[in-house]
$ cat structure-v7.pdb   # PDB, C-alpha atoms
ATOM      1  CA  MET A   1       0.000   0.000   0.000
ATOM      2  CA  GLU A   2       1.241   3.475  -0.899
ATOM      3  CA  ASN A   3       2.310   5.717   1.974
ATOM      4  CA  LYS A   4       1.170   9.324   2.324
ATOM      5  CA  SER A   5       4.207  10.980   0.771
ATOM      6  CA  ASP A   6       4.036   8.566  -2.190
ATOM      7  CA  ALA A   7       0.398   9.411  -2.813
ATOM      8  CA  LEU A   8       1.259  13.098  -2.541
ATOM      9  CA  LEU A   9       4.076  12.734  -5.041
ATOM     10  CA  ARG A  10       1.786  10.915  -7.492
ATOM     11  CA  LYS A  11      -0.864  13.605  -7.213
ATOM     12  CA  MET A  12       1.691  16.395  -7.528
ATOM     13  CA  LEU A  13       3.215  14.971 -10.728
ATOM     14  CA  LYS A  14      -0.211  14.368 -12.245
ATOM     15  CA  ASN A  15      -1.354  17.885 -11.455
ATOM     16  CA  TRP A  16       1.815  19.243 -13.008
ATOM     17  CA  VAL A  17       1.384  17.462 -16.368
ATOM     18  CA  ASN A  18      -2.395  17.897 -16.456
ATOM     19  CA  ARG A  19      -2.015  21.676 -16.493
ATOM     20  CA  LEU A  20      -1.042  21.527 -20.147
ATOM     21  CA  HIS A  21      -2.896  19.946 -23.048
ATOM     22  CA  PRO A  22      -1.958  18.779 -26.549
ATOM     23  CA  PRO A  23      -2.513  21.366 -29.310
ATOM     24  CA  ASP A  24      -5.969  21.461 -30.914
ATOM     25  CA  ASN A  25      -4.694  21.354 -34.481
ATOM     26  CA  GLY A  26      -2.618  18.218 -33.862
ATOM     27  CA  ARG A  27      -5.091  15.818 -35.471
ATOM     28  CA  ALA A  28      -5.439  17.767 -38.704
ATOM     29  CA  ARG A  29      -1.676  18.189 -38.976
ATOM     30  CA  LEU A  30      -1.100  14.472 -38.377
ATOM     31  CA  LEU A  31      -3.674  13.314 -40.932
ATOM     32  CA  TRP A  32      -2.429  15.770 -43.540
ATOM     33  CA  GLU A  33       1.137  14.556 -43.140
ATOM     34  CA  ALA A  34       0.137  10.880 -43.065
ATOM     35  CA  ALA A  35      -1.878  11.355 -46.270
ATOM     36  CA  HIS A  36       1.074  13.118 -47.851
ATOM     37  CA  ILE A  37       3.366  10.193 -47.026
ATOM     38  CA  SER A  38       0.829   7.730 -48.454
ATOM     39  CA  ARG A  39       0.635   9.654 -51.695
ATOM     40  CA  ASN A  40       4.401   9.624 -52.076
ATOM     41  CA  LYS A  41       4.410   5.866 -51.544
ATOM     42  CA  ILE A  42       1.885   5.406 -54.341
ATOM     43  CA  ASP A  43       3.816   7.684 -56.688
ATOM     44  CA  LEU A  44       7.000   5.753 -56.069
ATOM     45  CA  THR A  45       5.258   2.523 -57.036
ATOM     46  CA  VAL A  46       3.965   4.108 -60.203
ATOM     47  CA  ILE A  47       7.320   5.383 -61.275
ATOM     48  CA  LEU A  48       9.017   2.091 -60.540
ATOM     49  CA  PHE A  49       6.570  -0.195 -62.249
ATOM     50  CA  HIS A  50       4.794   1.942 -64.814
ATOM     51  CA  PRO A  51       7.296   4.440 -66.136
ATOM     52  CA  GLN A  52       6.072   6.577 -68.972
ATOM     53  CA  PHE A  53       8.566   6.126 -71.711
ATOM     54  CA  ILE A  54       8.748   8.796 -74.323
ATOM     55  CA  SER A  55      10.320   7.696 -77.556
ATOM     56  CA  TYR A  56      13.365   9.788 -78.043
ATOM     57  CA  SER A  57      14.966   9.755 -81.441
ATOM     58  CA  SER A  58      18.538   8.667 -81.059
ATOM     59  CA  SER A  59      20.768  10.078 -83.710
ATOM     60  CA  SER A  60      23.884   8.316 -82.495
ATOM     61  CA  SER A  61      25.023   5.853 -79.860
ATOM     62  CA  ASN A  62      26.553   8.735 -77.856
ATOM     63  CA  ASP A  63      23.150  10.317 -77.334
ATOM     64  CA  TRP A  64      21.948   7.946 -74.622
ATOM     65  CA  PRO A  65      23.324   9.780 -71.522
ATOM     66  CA  PRO A  66      21.463  13.095 -72.139
ATOM     67  CA  LYS A  67      18.313  11.190 -73.160
ATOM     68  CA  PHE A  68      18.489   9.122 -70.006
ATOM     69  CA  PHE A  69      18.916  12.200 -67.786
ATOM     70  CA  SER A  70      15.994  13.888 -69.560
ATOM     71  CA  TRP A  71      13.801  10.882 -68.895
ATOM     72  CA  ILE A  72      14.758  10.877 -65.186
ATOM     73  CA  ASN A  73      14.143  14.607 -64.862
ATOM     74  CA  GLU A  74      10.764  14.564 -66.567
ATOM     75  CA  ASN A  75       9.464  11.651 -64.548
ATOM     76  CA  SER A  76      10.749  12.948 -61.225
ATOM     77  CA  ILE A  77       9.159  16.359 -61.857
ATOM     78  CA  GLN A  78       5.910  14.739 -62.952
ATOM     79  CA  PHE A  79       5.661  12.589 -59.815
ATOM     80  CA  GLY A  80       7.033  15.202 -57.437
ATOM     81  CA  ILE A  81       9.890  13.095 -56.101
ATOM     82  CA  GLN A  82      13.598  13.631 -55.905
ATOM     83  CA  ALA A  83      15.761  11.564 -58.217
ATOM     84  CA  ARG A  84      19.398  10.841 -57.692
ATOM     85  CA  ILE A  85      21.702   8.977 -60.043
ATOM     86  CA  ILE A  86      24.635   7.334 -58.345
TER
ATOM     87  CA  MET B   1     -27.379  -7.633 -28.606
ATOM     88  CA  PRO B   2     -29.830  -4.708 -28.670
ATOM     89  CA  LYS B   3     -29.648  -2.469 -31.726
ATOM     90  CA  GLY B   4     -28.670   0.644 -29.755
ATOM     91  CA  ALA B   5     -25.881  -1.181 -27.951
ATOM     92  CA  GLU B   6     -24.526  -2.503 -31.227
ATOM     93  CA  GLU B   7     -24.417   1.014 -32.683
ATOM     94  CA  LYS B   8     -22.582   2.346 -29.647
ATOM     95  CA  ARG B   9     -19.997  -0.460 -29.643
ATOM     96  CA  VAL B  10     -16.520   0.982 -29.220
ATOM     97  CA  ILE B  11     -14.111  -0.138 -31.891
ATOM     98  CA  SER B  12     -11.170  -1.872 -30.247
ATOM     99  CA  ASP B  13      -7.546  -0.889 -30.749
ATOM    100  CA  SER B  14      -6.968  -4.252 -32.474
ATOM    101  CA  GLU B  15      -9.629  -3.525 -35.074
ATOM    102  CA  LEU B  16      -8.262  -0.028 -35.581
ATOM    103  CA  ALA B  17      -4.725  -1.370 -35.948
ATOM    104  CA  LEU B  18      -5.971  -3.749 -38.656
ATOM    105  CA  SER B  19      -7.679  -0.866 -40.458
ATOM    106  CA  LEU B  20      -4.522   1.174 -40.123
ATOM    107  CA  GLN B  21      -2.550  -1.634 -41.728
ATOM    108  CA  ALA B  22      -5.017  -1.498 -44.605
ATOM    109  CA  GLY B  23      -4.192   2.203 -44.978
ATOM    110  CA  SER B  24      -7.147   3.799 -43.175
ATOM    111  CA  LEU B  25      -6.378   7.351 -42.060
ATOM    112  CA  GLU B  26      -9.699   7.430 -40.216
ATOM    113  CA  ALA B  27      -8.383   4.666 -37.950
ATOM    114  CA  LEU B  28      -5.278   6.743 -37.302
ATOM    115  CA  GLY B  29      -7.492   9.682 -36.334
ATOM    116  CA  VAL B  30      -9.493   7.565 -33.866
ATOM    117  CA  LEU B  31      -6.312   6.132 -32.306
ATOM    118  CA  TYR B  32      -4.926   9.660 -32.031
ATOM    119  CA  ASP B  33      -8.039  10.914 -30.257
ATOM    120  CA  ARG B  34      -7.985   7.932 -27.926
ATOM    121  CA  HIS B  35      -4.316   7.888 -26.926
ATOM    122  CA  ARG B  36      -2.931  11.382 -27.497
ATOM    123  CA  GLY B  37      -3.351  12.264 -23.819
ATOM    124  CA  LEU B  38      -1.099   9.506 -22.552
ATOM    125  CA  VAL B  39       1.535  10.173 -25.225
ATOM    126  CA  PHE B  40       1.531  13.935 -24.591
ATOM    127  CA  ARG B  41       1.669  13.604 -20.793
ATOM    128  CA  THR B  42       4.518  11.095 -20.928
ATOM    129  CA  ALA B  43       6.570  13.201 -23.347
ATOM    130  CA  LEU B  44       5.853  16.358 -21.339
ATOM    131  CA  ALA B  45       6.905  14.781 -18.046
ATOM    132  CA  ILE B  46      10.164  13.433 -19.493
ATOM    133  CA  THR B  47      11.153  16.496 -21.532
ATOM    134  CA  GLY B  48       9.621  19.225 -19.328
ATOM    135  CA  ASP B  49       8.840  21.145 -22.520
ATOM    136  CA  ALA B  50       5.266  21.459 -23.845
ATOM    137  CA  GLU B  51       6.318  22.387 -27.370
ATOM    138  CA  ALA B  52       8.673  19.426 -27.600
ATOM    139  CA  ALA B  53       5.961  17.152 -26.166
ATOM    140  CA  ALA B  54       3.547  18.237 -28.921
ATOM    141  CA  ASP B  55       6.160  17.566 -31.609
ATOM    142  CA  LEU B  56       7.053  14.187 -30.121
ATOM    143  CA  MET B  57       3.382  13.229 -29.924
ATOM    144  CA  HIS B  58       3.038  14.049 -33.602
ATOM    145  CA  ASP B  59       6.120  11.972 -34.369
ATOM    146  CA  VAL B  60       4.857   8.965 -32.367
ATOM    147  CA  PHE B  61       1.566   8.810 -34.284
ATOM    148  CA  LEU B  62       3.293   9.379 -37.582
ATOM    149  CA  ARG B  63       5.519   6.400 -36.814
ATOM    150  CA  LEU B  64       2.446   4.397 -35.831
ATOM    151  CA  HIS B  65       1.113   5.070 -39.309
ATOM    152  CA  ARG B  66       4.416   4.405 -41.040
ATOM    153  CA  PHE B  67       5.220   1.175 -39.172
ATOM    154  CA  ALA B  68       1.652  -0.121 -38.879
ATOM    155  CA  ALA B  69       2.582  -3.254 -40.817
ATOM    156  CA  HIS B  70       5.046  -4.244 -38.060
ATOM    157  CA  ILE B  71       2.518  -3.935 -35.234
ATOM    158  CA  ASP B  72       0.781  -7.069 -33.963
ATOM    159  CA  PRO B  73      -2.944  -6.176 -33.777
ATOM    160  CA  GLN B  74      -3.537  -8.997 -31.280
ATOM    161  CA  ARG B  75      -1.339  -7.325 -28.664
ATOM    162  CA  PRO B  76      -2.300  -4.182 -26.702
ATOM    163  CA  LEU B  77      -1.244  -0.963 -28.418
ATOM    164  CA  GLU B  78      -0.489   1.112 -25.319
ATOM    165  CA  PRO B  79       2.865  -0.541 -24.468
ATOM    166  CA  TRP B  80       4.029   0.198 -28.034
ATOM    167  CA  LEU B  81       2.991   3.841 -27.640
ATOM    168  CA  TYR B  82       4.718   4.162 -24.269
ATOM    169  CA  ARG B  83       7.893   2.555 -25.617
ATOM    170  CA  MET B  84       8.009   4.802 -28.666
ATOM    171  CA  THR B  85       7.244   7.912 -26.594
ATOM    172  CA  THR B  86       9.922   7.234 -23.975
ATOM    173  CA  ASN B  87      12.530   6.390 -26.634
ATOM    174  CA  LEU B  88      11.845   9.536 -28.647
ATOM    175  CA  SER B  89      11.735  11.658 -25.483
ATOM    176  CA  TYR B  90      15.078  10.239 -24.312
ATOM    177  CA  THR B  91      16.584  11.051 -27.703
ATOM    178  CA  TRP B  92      15.194  14.593 -27.554
ATOM    179  CA  VAL B  93      16.602  15.206 -24.056
ATOM    180  CA  LYS B  94      20.052  13.794 -24.948
ATOM    181  CA  HIS B  95      20.184  15.810 -28.144
ATOM    182  CA  ARG B  96      19.167  18.996 -26.363
ATOM    183  CA  GLN B  97      21.662  18.511 -23.533
ATOM    184  CA  ARG B  98      24.426  17.904 -26.001
ATOM    185  CA  TRP B  99      23.816  20.596 -28.613
ATOM    186  CA  PHE B 100      21.270  23.208 -27.710
ATOM    187  CA  ARG B 101      21.546  24.007 -24.040
ATOM    188  CA  PRO B 102      24.983  25.723 -24.252
ATOM    189  CA  PHE B 103      23.732  27.857 -27.158
ATOM    190  CA  GLU B 104      20.492  28.721 -25.369
ATOM    191  CA  ASP B 105      22.389  29.803 -22.252
ATOM    192  CA  MET B 106      24.722  31.945 -24.341
ATOM    193  CA  ALA B 107      21.808  33.498 -26.244
ATOM    194  CA  ASP B 108      20.060  34.339 -22.962
ATOM    195  CA  TRP B 109      23.221  35.892 -21.607
ATOM    196  CA  LEU B 110      23.804  37.968 -24.756
ATOM    197  CA  ALA B 111      20.185  39.120 -24.840
ATOM    198  CA  GLY B 112      20.244  39.950 -21.149
ATOM    199  CA  THR B 113      17.216  37.759 -20.501
ATOM    200  CA  ARG B 114      18.751  35.197 -18.231
ATOM    201  CA  LYS B 115      16.197  32.861 -16.785
ATOM    202  CA  ASP B 116      17.185  33.648 -13.224
ATOM    203  CA  THR B 117      16.202  37.316 -13.461
ATOM    204  CA  PRO B 118      13.249  38.514 -11.330
ATOM    205  CA  ALA B 119      11.295  39.507 -14.469
ATOM    206  CA  TYR B 120      11.483  36.007 -15.869
ATOM    207  CA  GLN B 121      10.740  34.363 -12.572
ATOM    208  CA  ALA B 122       7.669  36.524 -12.078
ATOM    209  CA  GLU B 123       6.204  35.077 -15.253
ATOM    210  CA  MET B 124       6.691  31.540 -14.118
ATOM    211  CA  ASP B 125       4.562  29.755 -11.599
ATOM    212  CA  ASP B 126       7.221  29.082  -8.981
ATOM    213  CA  SER B 127       5.716  25.995  -7.464
ATOM    214  CA  TRP B 128       5.200  24.174 -10.758
ATOM    215  CA  ARG B 129       8.599  25.262 -11.952
ATOM    216  CA  GLN B 130      10.026  23.591  -8.880
ATOM    217  CA  VAL B 131       8.302  20.330  -9.772
ATOM    218  CA  GLN B 132       9.575  20.572 -13.331
ATOM    219  CA  GLN B 133      13.126  21.250 -12.156
ATOM    220  CA  ALA B 134      13.002  18.384  -9.681
ATOM    221  CA  VAL B 135      11.920  15.928 -12.402
ATOM    222  CA  SER B 136      14.399  17.337 -14.944
ATOM    223  CA  SER B 137      17.269  16.947 -12.501
ATOM    224  CA  LEU B 138      16.723  13.176 -12.306
ATOM    225  CA  PRO B 139      18.984  10.983 -14.444
ATOM    226  CA  LEU B 140      17.140  10.108 -17.654
ATOM    227  CA  SER B 141      16.804   6.403 -16.838
ATOM    228  CA  HIS B 142      15.287   7.188 -13.421
ATOM    229  CA  ARG B 143      13.042   9.858 -14.906
ATOM    230  CA  GLY B 144      11.438   7.443 -17.379
ATOM    231  CA  VAL B 145      10.621   4.934 -14.649
ATOM    232  CA  VAL B 146       9.248   7.590 -12.289
ATOM    233  CA  VAL B 147       7.060   9.092 -15.014
ATOM    234  CA  LEU B 148       5.634   5.748 -16.121
ATOM    235  CA  TYR B 149       4.959   4.738 -12.515
ATOM    236  CA  TYR B 150       3.538   7.936 -11.041
ATOM    237  CA  VAL B 151       2.089   9.817 -14.011
ATOM    238  CA  ASN B 152       0.825   6.838 -16.021
ATOM    239  CA  ASP B 153      -0.009   4.479 -13.116
ATOM    240  CA  LEU B 154       1.814   1.531 -14.690
ATOM    241  CA  SER B 155       2.914  -1.486 -12.661
ATOM    242  CA  LEU B 156       6.552  -2.488 -12.179
ATOM    243  CA  GLN B 157       6.019  -5.459 -14.507
ATOM    244  CA  GLU B 158       4.521  -3.264 -17.228
ATOM    245  CA  ILE B 159       7.375  -0.768 -16.954
ATOM    246  CA  SER B 160       9.869  -3.623 -17.136
ATOM    247  CA  GLU B 161       8.322  -4.844 -20.397
ATOM    248  CA  ILE B 162       8.041  -1.375 -21.929
ATOM    249  CA  LEU B 163      11.617  -0.332 -21.154
ATOM    250  CA  ASP B 164      12.979  -3.844 -21.676
ATOM    251  CA  ILE B 165      14.785  -3.946 -18.330
ATOM    252  CA  PRO B 166      14.462  -6.397 -15.396
ATOM    253  CA  VAL B 167      11.853  -5.711 -12.701
ATOM    254  CA  GLY B 168      14.676  -5.410 -10.142
ATOM    255  CA  THR B 169      16.214  -2.564 -12.143
ATOM    256  CA  VAL B 170      12.819  -0.848 -12.328
ATOM    257  CA  LYS B 171      12.496  -1.120  -8.524
ATOM    258  CA  SER B 172      15.961   0.251  -7.953
ATOM    259  CA  ARG B 173      15.538   3.199 -10.344
ATOM    260  CA  LEU B 174      12.141   3.953  -8.862
ATOM    261  CA  HIS B 175      13.574   3.920  -5.350
ATOM    262  CA  TYR B 176      16.376   6.383  -6.137
ATOM    263  CA  GLY B 177      14.159   8.555  -8.332
ATOM    264  CA  ARG B 178      11.472   8.707  -5.663
ATOM    265  CA  GLN B 179      13.923   9.622  -2.896
ATOM    266  CA  ALA B 180      15.518  12.360  -5.010
ATOM    267  CA  LEU B 181      12.139  13.827  -5.927
ATOM    268  CA  LYS B 182      10.847  13.780  -2.371
ATOM    269  CA  GLN B 183      13.988  15.481  -1.174
ATOM    270  CA  SER B 184      13.845  18.171  -3.887
ATOM    271  CA  LEU B 185      10.183  18.860  -3.270
ATOM    272  CA  GLY B 186      10.400  18.870   0.501
ATOM    273  CA  LEU B 187       8.108  15.889   0.877
ATOM    274  CA  LEU B 188      10.436  14.141   3.301
ATOM    275  CA  ALA B 189      10.389  16.979   5.822
ATOM    276  CA  GLY B 190       6.749  17.812   5.226
ATOM    277  CA  GLU B 191       7.704  21.175   3.718
ATOM    278  CA  ILE B 192       5.321  20.905   0.793
ATOM    279  CA  LEU B 193       4.602  24.147  -1.000
ATOM    280  CA  PRO B 194       1.207  25.670  -0.132
ATOM    281  CA  GLU B 195       0.241  26.112  -3.795
ATOM    282  CA  LEU B 196       0.743  22.435  -4.478
ATOM    283  CA  GLN B 197      -0.981  21.413  -1.294
ATOM    284  CA  TYR B 198      -4.006  23.410  -2.407
ATOM    285  CA  GLU B 199      -4.313  21.212  -5.480
ATOM    286  CA  PHE B 200      -4.833  18.149  -3.347
ATOM    287  CA  THR B 201      -7.802  19.437  -1.392
TER
END
$ encode --input "structure-v7.pdb" --output "structure tokens"
Amino acid sequence: MENKSDALLRKMLKNWVNRLHPPDNGRARLLWEAAHISRNKIDLTVILFHPQFISYSSSSSNDWPPKFFSWINENSIQFGIQARII
Amino acid sequence: MPKGAEEKRVISDSELALSLQAGSLEALGVLYDRHRGLVFRTALAITGDAEAAADLMHDVFLRLHRFAAHIDPQRPLEPWLYRMTTNLSYTWVKHRQRWFRPFEDMADWLAGTRKDTPAYQAEMDDSWRQVQQAVSSLPLSHRGVVVLYYVNDLSLQEISEILDIPVGTVKSRLHYGRQALKQSLGLLAGEILPELQYEFT
């Protein structure tokens, strides 16, 4: 069984934290951000499995690097994600 | 089951966790409404900072959404929330102690608004500030145990499982944390502040 000073300490700590409350706009902010993350996940799937190829005319075999970078840029801008080529 | 009772049936955390795994944001909203109090209080008691507690609460629920697939819906959700909250709060406190506090002290000194000036102290509620300082002065490991035990009413066994430490360690940390708090707050000598005493009546 709790002694008197223990009960007092419990009450004191509870009163201290109960003086403040979580912000009112927390729920809306959370759901907005969670939805935003979900949308990014979907976009990533789309770009990985259904890329929209545009047929570039290749005049020579040396043309492939700029064409490839153009394709990456266009798709990353379209889907709103960052692309990095390592 | 009567029709009215069926309509009023509270959706369990397990059902909500399953919905969350299926991508339901509505389930996340219900879980947030249901558990935000315990997450906020725990983070506030460990960090002593309301703004940080609000940010950490946001982070905990965002992680709940992000890692929903790894949560077992058959097990109670609260221990997961407590664990995540204490871990993130510990990280916040360590990070702040290491990087920000020296800069904050210097900024206060340069601006001439040191926190020990009479003007600043007048704005603060002295008695509650004393409680906050007493809790903040506890070592982090003791603070977590004290907060879970006294603020959240958890048992020693529950705290042991949440923090992943033996029950004996929980008892020991609680003992030292309790003694330090009682000493700081004058509970041992019966010198409790009148403002705080008023709250208990």
$ resolve_selection --input "structure-v7.pdb" --expression "the PyMOL selection byres ((chain A) within 12 of (chain B))" --output "VMD selection string"
chain A and resid 2 to 39 41 to 42
$ write_last_selection --input "structure-v7.pdb" --atoms "C-alpha atoms" --output "mmCIF file, keeping the file's coordinate frame"
data_model
loop_
_atom_site.group_PDB
_atom_site.id
_atom_site.type_symbol
_atom_site.label_atom_id
_atom_site.label_comp_id
_atom_site.auth_asym_id
_atom_site.auth_seq_id
_atom_site.Cartn_x
_atom_site.Cartn_y
_atom_site.Cartn_z
ATOM 1 C CA GLU A 2 1.241 3.475 -0.899
ATOM 2 C CA ASN A 3 2.310 5.717 1.974
ATOM 3 C CA LYS A 4 1.170 9.324 2.324
ATOM 4 C CA SER A 5 4.207 10.980 0.771
ATOM 5 C CA ASP A 6 4.036 8.566 -2.190
ATOM 6 C CA ALA A 7 0.398 9.411 -2.813
ATOM 7 C CA LEU A 8 1.259 13.098 -2.541
ATOM 8 C CA LEU A 9 4.076 12.734 -5.041
ATOM 9 C CA ARG A 10 1.786 10.915 -7.492
ATOM 10 C CA LYS A 11 -0.864 13.605 -7.213
ATOM 11 C CA MET A 12 1.691 16.395 -7.528
ATOM 12 C CA LEU A 13 3.215 14.971 -10.728
ATOM 13 C CA LYS A 14 -0.211 14.368 -12.245
ATOM 14 C CA ASN A 15 -1.354 17.885 -11.455
ATOM 15 C CA TRP A 16 1.815 19.243 -13.008
ATOM 16 C CA VAL A 17 1.384 17.462 -16.368
ATOM 17 C CA ASN A 18 -2.395 17.897 -16.456
ATOM 18 C CA ARG A 19 -2.015 21.676 -16.493
ATOM 19 C CA LEU A 20 -1.042 21.527 -20.147
ATOM 20 C CA HIS A 21 -2.896 19.946 -23.048
ATOM 21 C CA PRO A 22 -1.958 18.779 -26.549
ATOM 22 C CA PRO A 23 -2.513 21.366 -29.310
ATOM 23 C CA ASP A 24 -5.969 21.461 -30.914
ATOM 24 C CA ASN A 25 -4.694 21.354 -34.481
ATOM 25 C CA GLY A 26 -2.618 18.218 -33.862
ATOM 26 C CA ARG A 27 -5.091 15.818 -35.471
ATOM 27 C CA ALA A 28 -5.439 17.767 -38.704
ATOM 28 C CA ARG A 29 -1.676 18.189 -38.976
ATOM 29 C CA LEU A 30 -1.100 14.472 -38.377
ATOM 30 C CA LEU A 31 -3.674 13.314 -40.932
ATOM 31 C CA TRP A 32 -2.429 15.770 -43.540
ATOM 32 C CA GLU A 33 1.137 14.556 -43.140
ATOM 33 C CA ALA A 34 0.137 10.880 -43.065
ATOM 34 C CA ALA A 35 -1.878 11.355 -46.270
ATOM 35 C CA HIS A 36 1.074 13.118 -47.851
ATOM 36 C CA ILE A 37 3.366 10.193 -47.026
ATOM 37 C CA SER A 38 0.829 7.730 -48.454
ATOM 38 C CA ARG A 39 0.635 9.654 -51.695
ATOM 39 C CA LYS A 41 4.410 5.866 -51.544
ATOM 40 C CA ILE A 42 1.885 5.406 -54.341
#
$ atom_distance --input "structure-v7.pdb" --atom1 "atom CA of Ile46 of chain B" --atom2 "atom CA of Leu154 of chain B"
15.3 Å
$ atom_distance --input "structure-v7.pdb" --atom1 "atom CA of Ser136 of chain B" --atom2 "atom CA of Trp92 of chain B"
12.9 Å
$ residues_around --input "structure-v7.pdb" --residues "Glu158 of chain B" --least-positions-apart "4" --cutoff "10 Å" --atoms "only C-alpha atoms" --output "PDB file with C-alpha atoms, in the frame of the given file"
ATOM      1  CA  PRO B  79       2.865  -0.541 -24.468  1.00  0.00           C
ATOM      2  CA  LEU B 148       5.634   5.748 -16.121  1.00  0.00           C
ATOM      3  CA  TYR B 149       4.959   4.738 -12.515  1.00  0.00           C
ATOM      4  CA  ASP B 153      -0.009   4.479 -13.116  1.00  0.00           C
ATOM      5  CA  LEU B 154       1.814   1.531 -14.690  1.00  0.00           C
ATOM      6  CA  ILE B 162       8.041  -1.375 -21.929  1.00  0.00           C
ATOM      7  CA  LEU B 163      11.617  -0.332 -21.154  1.00  0.00           C
ATOM      8  CA  ASP B 164      12.979  -3.844 -21.676  1.00  0.00           C
ATOM      9  CA  VAL B 167      11.853  -5.711 -12.701  1.00  0.00           C
ATOM     10  CA  VAL B 170      12.819  -0.848 -12.328  1.00  0.00           C
TER      11      VAL B 170
END
$ residues_around --input "structure-v7.pdb" --residues "segment 8-15 of chain B" --least-positions-apart "2" --cutoff "12 Å" --atoms "only C-alpha atoms" --output "NGL selection string"
:B and (1-6 or 17-22 or 24 or 27-35 or 68 or 71-78 or 80-81)
$ closest_residue --input "structure-v7.pdb" --among "B:Ala180, B:Leu16, B:Leu88, B:Ala52" --to "Gln133 of chain B" --atoms "all atoms listed in the file"
B:Ala180
